[in-house]
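Undergrad: Below is the file entry.cif, with mmCIF, C-alpha atoms.
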data_run
#
loop_
_atom_site.label_atom_id
_atom_site.label_comp_id
_atom_site.auth_asym_id
_atom_site.auth_seq_id
_atom_site.Cartn_x
_atom_site.Cartn_y
_atom_site.Cartn_z
CA MET A 1 118.52 103.47 133.16
CA VAL A 2 117.76 100.35 135.19
CA GLU A 3 120.56 98.26 136.67
CA VAL A 4 119.83 94.55 136.74
CA GLY A 5 122.67 92.06 137.14
CA LYS A 6 125.58 92.86 134.85
CA GLY A 7 125.24 95.97 132.72
CA SER A 8 122.62 98.65 132.51
CA VAL A 9 119.37 98.76 130.57
CA PHE A 10 118.70 101.76 128.33
CA PRO A 11 115.62 102.64 126.28
CA VAL A 12 116.02 102.68 122.47
CA ILE A 13 114.20 105.22 120.29
CA PHE A 14 114.15 105.08 116.48
CA PHE A 15 113.71 108.31 114.48
CA ASP A 16 112.84 107.85 110.77
CA GLY A 17 112.83 111.53 109.85
CA GLU A 18 109.17 112.07 110.67
CA ARG A 19 108.37 110.39 113.96
CA GLU A 20 110.00 108.70 116.94
CA ILE A 21 109.25 105.07 117.71
CA ASN A 22 110.05 103.36 121.00
CA ILE A 23 111.86 100.12 120.15
CA GLY A 24 112.22 98.85 123.71
CA ASN A 25 115.16 98.47 126.08
CA ILE A 26 118.67 97.16 125.55
CA ARG A 27 121.24 95.94 128.05
CA VAL A 28 124.68 97.55 127.79
CA GLN A 29 127.55 95.69 129.41
CA PRO A 30 130.97 97.25 129.97
CA THR A 31 132.60 94.61 127.73
CA LEU A 32 130.29 95.30 124.79
CA VAL A 33 131.87 95.99 121.36
CA PHE A 34 130.42 98.39 118.79
CA LYS A 35 129.84 96.07 115.80
CA PRO A 36 127.75 93.46 117.70
CA PHE A 37 125.89 96.33 119.40
CA GLN A 38 125.15 97.97 116.04
CA LEU A 39 124.06 94.65 114.53
CA MET A 40 121.78 93.90 117.49
CA LEU A 41 120.05 97.29 117.14
CA SER A 42 119.71 97.01 113.36
CA GLU A 43 118.13 93.55 113.68
CA ARG A 44 115.57 94.95 116.13
CA ILE A 45 114.36 97.57 113.71
CA GLY A 46 114.95 95.56 110.53
CA ILE A 47 117.20 98.10 108.80
CA SER A 48 120.75 97.62 107.56
CA PRO A 49 123.44 98.79 110.02
CA ASN A 50 124.82 101.05 107.28
CA GLN A 51 121.55 103.00 107.16
CA ILE A 52 121.37 104.06 110.81
CA SER A 53 123.31 106.41 113.06
CA ILE A 54 123.43 105.68 116.78
CA TYR A 55 123.54 108.36 119.45
CA VAL A 56 123.48 108.47 123.25
CA CYS A 57 121.08 111.21 124.34
CA ASP A 58 120.28 112.84 127.62
CA ARG A 59 116.62 112.56 128.64
CA LYS A 60 116.46 116.18 129.75
CA GLY A 61 115.91 117.67 126.28
CA SER A 62 112.36 117.14 125.10
CA LYS A 63 112.60 118.25 121.47
CA PHE A 64 114.63 116.39 118.87
CA GLU A 65 116.67 119.48 117.93
CA ASP A 66 117.34 120.48 121.56
CA ARG A 67 118.79 117.15 122.65
CA GLN A 68 122.46 116.72 123.33
CA LYS A 69 123.41 113.82 121.08
CA ILE A 70 126.73 112.01 121.38
CA PRO A 71 127.48 109.71 118.42
CA VAL A 72 128.24 106.10 119.22
CA THR A 73 130.99 104.86 116.90
CA SER A 74 133.57 102.08 116.89
CA LYS A 75 135.62 104.20 119.33
CA ALA A 76 132.82 104.27 121.93
CA ASN A 77 133.69 103.16 125.45
CA PHE A 78 130.77 101.02 126.60
CA ALA A 79 132.18 100.82 130.14
CA VAL A 80 131.58 104.57 130.47
CA ILE A 81 128.20 104.41 128.69
CA SER A 82 127.01 101.62 131.01
CA ARG A 83 127.63 103.88 134.04
CA GLU A 84 125.56 106.75 132.63
CA LYS A 85 122.17 107.55 134.11
CA HIS A 86 119.11 109.21 132.56
CA CYS A 87 120.21 108.45 128.99
CA PHE A 88 118.80 106.56 126.04
CA PHE A 89 119.96 105.41 122.61
CA LEU A 90 118.63 107.26 119.61
CA LEU A 91 118.75 105.50 116.24
CA VAL A 92 118.40 107.88 113.30
CA LEU A 93 117.74 106.75 109.77
CA LYS A 94 120.48 108.08 107.48
CA ARG A 95 119.25 110.01 104.47
CA SER A 96 121.10 111.12 101.37
CA ARG A 97 122.24 114.72 101.14
CA LYS A 98 119.84 115.26 98.31
CA SER A 99 116.83 114.22 100.39
CA ARG A 100 118.06 116.18 103.41
CA ASN A 101 118.38 119.39 101.39
CA ARG A 102 115.05 118.92 99.66
CA LYS A 103 112.19 120.65 101.34
CA THR A 104 109.53 118.31 102.61
CA THR A 105 106.83 118.40 99.97
CA PRO A 106 104.24 115.70 99.59
CA LEU A 107 105.11 113.30 96.78
CA ILE A 108 101.54 112.94 95.58
CA LYS A 109 99.43 116.06 95.34
CA GLU A 110 95.66 116.03 95.43
CA ASN A 111 95.11 117.03 91.80
CA VAL A 112 97.62 114.62 90.26
CA PHE A 113 96.23 111.85 88.07
CA LEU A 114 98.56 108.87 88.02
CA LEU A 115 98.56 107.02 84.70
CA ARG A 116 99.10 103.31 84.46
CA ARG A 117 100.47 102.03 81.18
CA ASN A 118 97.99 99.17 80.88
CA SER A 119 94.91 101.03 82.07
CA PRO A 120 91.89 101.10 79.73
CA GLU A 121 91.74 104.91 80.01
CA LEU A 122 95.27 105.24 78.69
CA VAL A 123 94.66 102.79 75.84
CA SER A 124 91.55 104.69 74.70
CA MET A 125 93.41 108.00 75.05
CA ASN A 126 96.23 106.67 72.85
CA GLU A 127 93.72 105.55 70.24
CA ARG A 128 92.11 109.01 70.22
CA VAL A 129 95.49 110.70 69.84
CA GLN A 130 96.38 108.41 66.93
CA ASN A 131 93.03 109.15 65.26
CA LEU A 132 93.62 112.89 65.65
CA GLN A 133 97.06 112.54 64.11
CA ILE A 134 95.61 110.68 61.11
CA GLN A 135 92.92 113.35 60.68
CA ARG A 136 95.54 116.08 60.82
CA GLU A 137 97.63 114.34 58.17
CA LYS A 138 94.55 114.04 55.94
CA PHE A 139 93.72 117.70 56.47
CA ASP A 140 97.29 118.75 55.66
CA LEU A 141 97.18 116.62 52.53
CA VAL A 142 93.93 118.29 51.44
CA LEU A 143 95.37 121.77 51.99
CA ASN A 144 98.57 120.92 50.14
CA LYS A 145 96.74 119.50 47.11
CA SER A 146 97.66 121.72 44.17
CA ASP A 147 94.48 121.36 42.05
CA LEU A 148 92.15 122.12 44.96
CA ASN A 149 89.36 124.43 43.90
CA MET A 150 88.42 126.49 46.95
CA MET A 151 85.32 127.85 45.29
CA HIS A 152 83.54 124.50 45.41
CA LEU A 153 84.24 123.52 49.00
CA ASP A 154 80.91 124.77 50.33
CA SER A 155 78.73 123.61 47.45
CA PRO A 156 80.37 120.96 45.32
CA SER A 157 78.80 120.44 41.94
CA SER A 158 78.22 117.13 40.28
CA SER A 159 80.68 117.76 37.49
CA GLU A 160 83.91 115.78 37.19
CA ASP A 161 86.15 118.82 37.56
CA SER A 162 84.92 119.35 41.13
CA ARG A 163 86.42 116.07 42.27
CA TYR A 164 89.41 116.86 44.41
CA PHE A 165 90.84 113.38 44.66
CA SER A 166 90.94 110.45 42.33
CA GLU A 167 89.40 107.23 43.56
CA GLU A 168 92.87 105.86 44.21
CA GLU A 169 93.82 108.85 46.39
CA GLU A 170 90.60 108.56 48.37
CA ARG A 171 91.36 104.92 49.17
CA THR A 172 94.82 105.84 50.49
CA LEU A 173 93.36 108.56 52.70
CA LEU A 174 90.91 106.20 54.34
#
Can you dump the structure from the file as structure tokens?
TA:
Amino acid sequence: MVEVGKGSVFPVIFFDGEREINIGNIRVQPTLVFKPFQLMLSERIGISPNQISIYVCDRKGSKFEDRQKIPVTSKANFAVISREKHCFFLLVLKRSRKSRNRKTTPLIKENVFLLRRNSPELVSMNERVQNLQIQREKFDLVLNKSDLNMMHLDSPSSSEDSRYFSEEEERTLL
């Protein structure tokens, strides 16, 4: 804390869940009100006031978990805070309960292949899948054909009775 003129100057640290960032210093006057103070801090970091929690911390604790944090709310007495020494303001990004309870796992793993809907690879893959589906339908149709002579599949003869499909059926299959 540095006292210059009216009020005291405190360092401001922003914690986003992964790292701490030094935002600079802020002057706290005894007549300060919470809402303008909160708005001033949120404008400095560019985050909505509803998405941050503000704490006064003692500089003695070095680790984030070991620090004694006192929440600064609308009931905070800035006259008392301005007289404190060896303190700083800690701004913590609020997270949803779901994201707090979730274990920290990387969102993108090394072996994941991200598909884009308009990518040429995806278009060609879709065409191949459609072709395979058409071939499967043709194969199923051949197997379900009632007058299919299985004896002549390997060596079809030139006689008319070895024809499995009429010319009309062949055109529909292609």
Undergrad: Quick one, how far is CA of Phe89 (chain A) from CA of Val12 (chain A)?
TA: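 Computing it gives 4.8 Å between the two atoms.
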Undergrad: Please enumerate the residues selected by the PyMOL selection byres ((chain A and resi 71-84) around 7) when evaluated against the supplied file, formatted as a VMD selection string.
TA: chain A and resid 7 to 8 28 to 32 34 54 to 56 69 to 70 85 to 87
Undergrad: If you measure from CA of Phe15 (chain A) to CA of Gly46 (chain A), what distance in Å do you get, rounded to one decimal?
TA: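 CA of Gly46 (chain A) lies at a distance of 13.4 Å from CA of Phe15 (chain A).
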Undergrad: Between A:Glu127, A:Asp58, A:Glu168, A:Asp16, which is the closest to Ile45 (chain A) once you count all atoms listed in the file?
TA: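 That would be A:Asp16, the residue with the smallest distance to Ile45 (chain A).
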Undergrad: Which distance in Å separates CA of Ile23 (chain A) and CA of Leu39 (chain A), to one decimal?
TA: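 Spanning CA of Ile23 (chain A) to CA of Leu39 (chain A) is a straight-line distance of 14.5 Å.
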Undergrad: Name every residue that the PyMOL selection byres ((chain A and resi 53) around 6) selects in this structure, writing the answer as a VMD selection string with chains first and numbers rising.
TA: chain A and resid 52 54 91 to 92
Undergrad: With the PyMOL selection byres ((chain A and resi 17) around 10) as the selection, what would be picked from this file? Answer as a count of residues only, please.
TA: 11
Undergrad: In terms of the shortest atom-to-atom distance over only C-alpha atoms, which of A:Val123, A:Leu90, A:Val9, A:Leu41 is closest to Ile26 (chain A)?
TA: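 The answer is A:Val9, which sits nearest to Ile26 (chain A).
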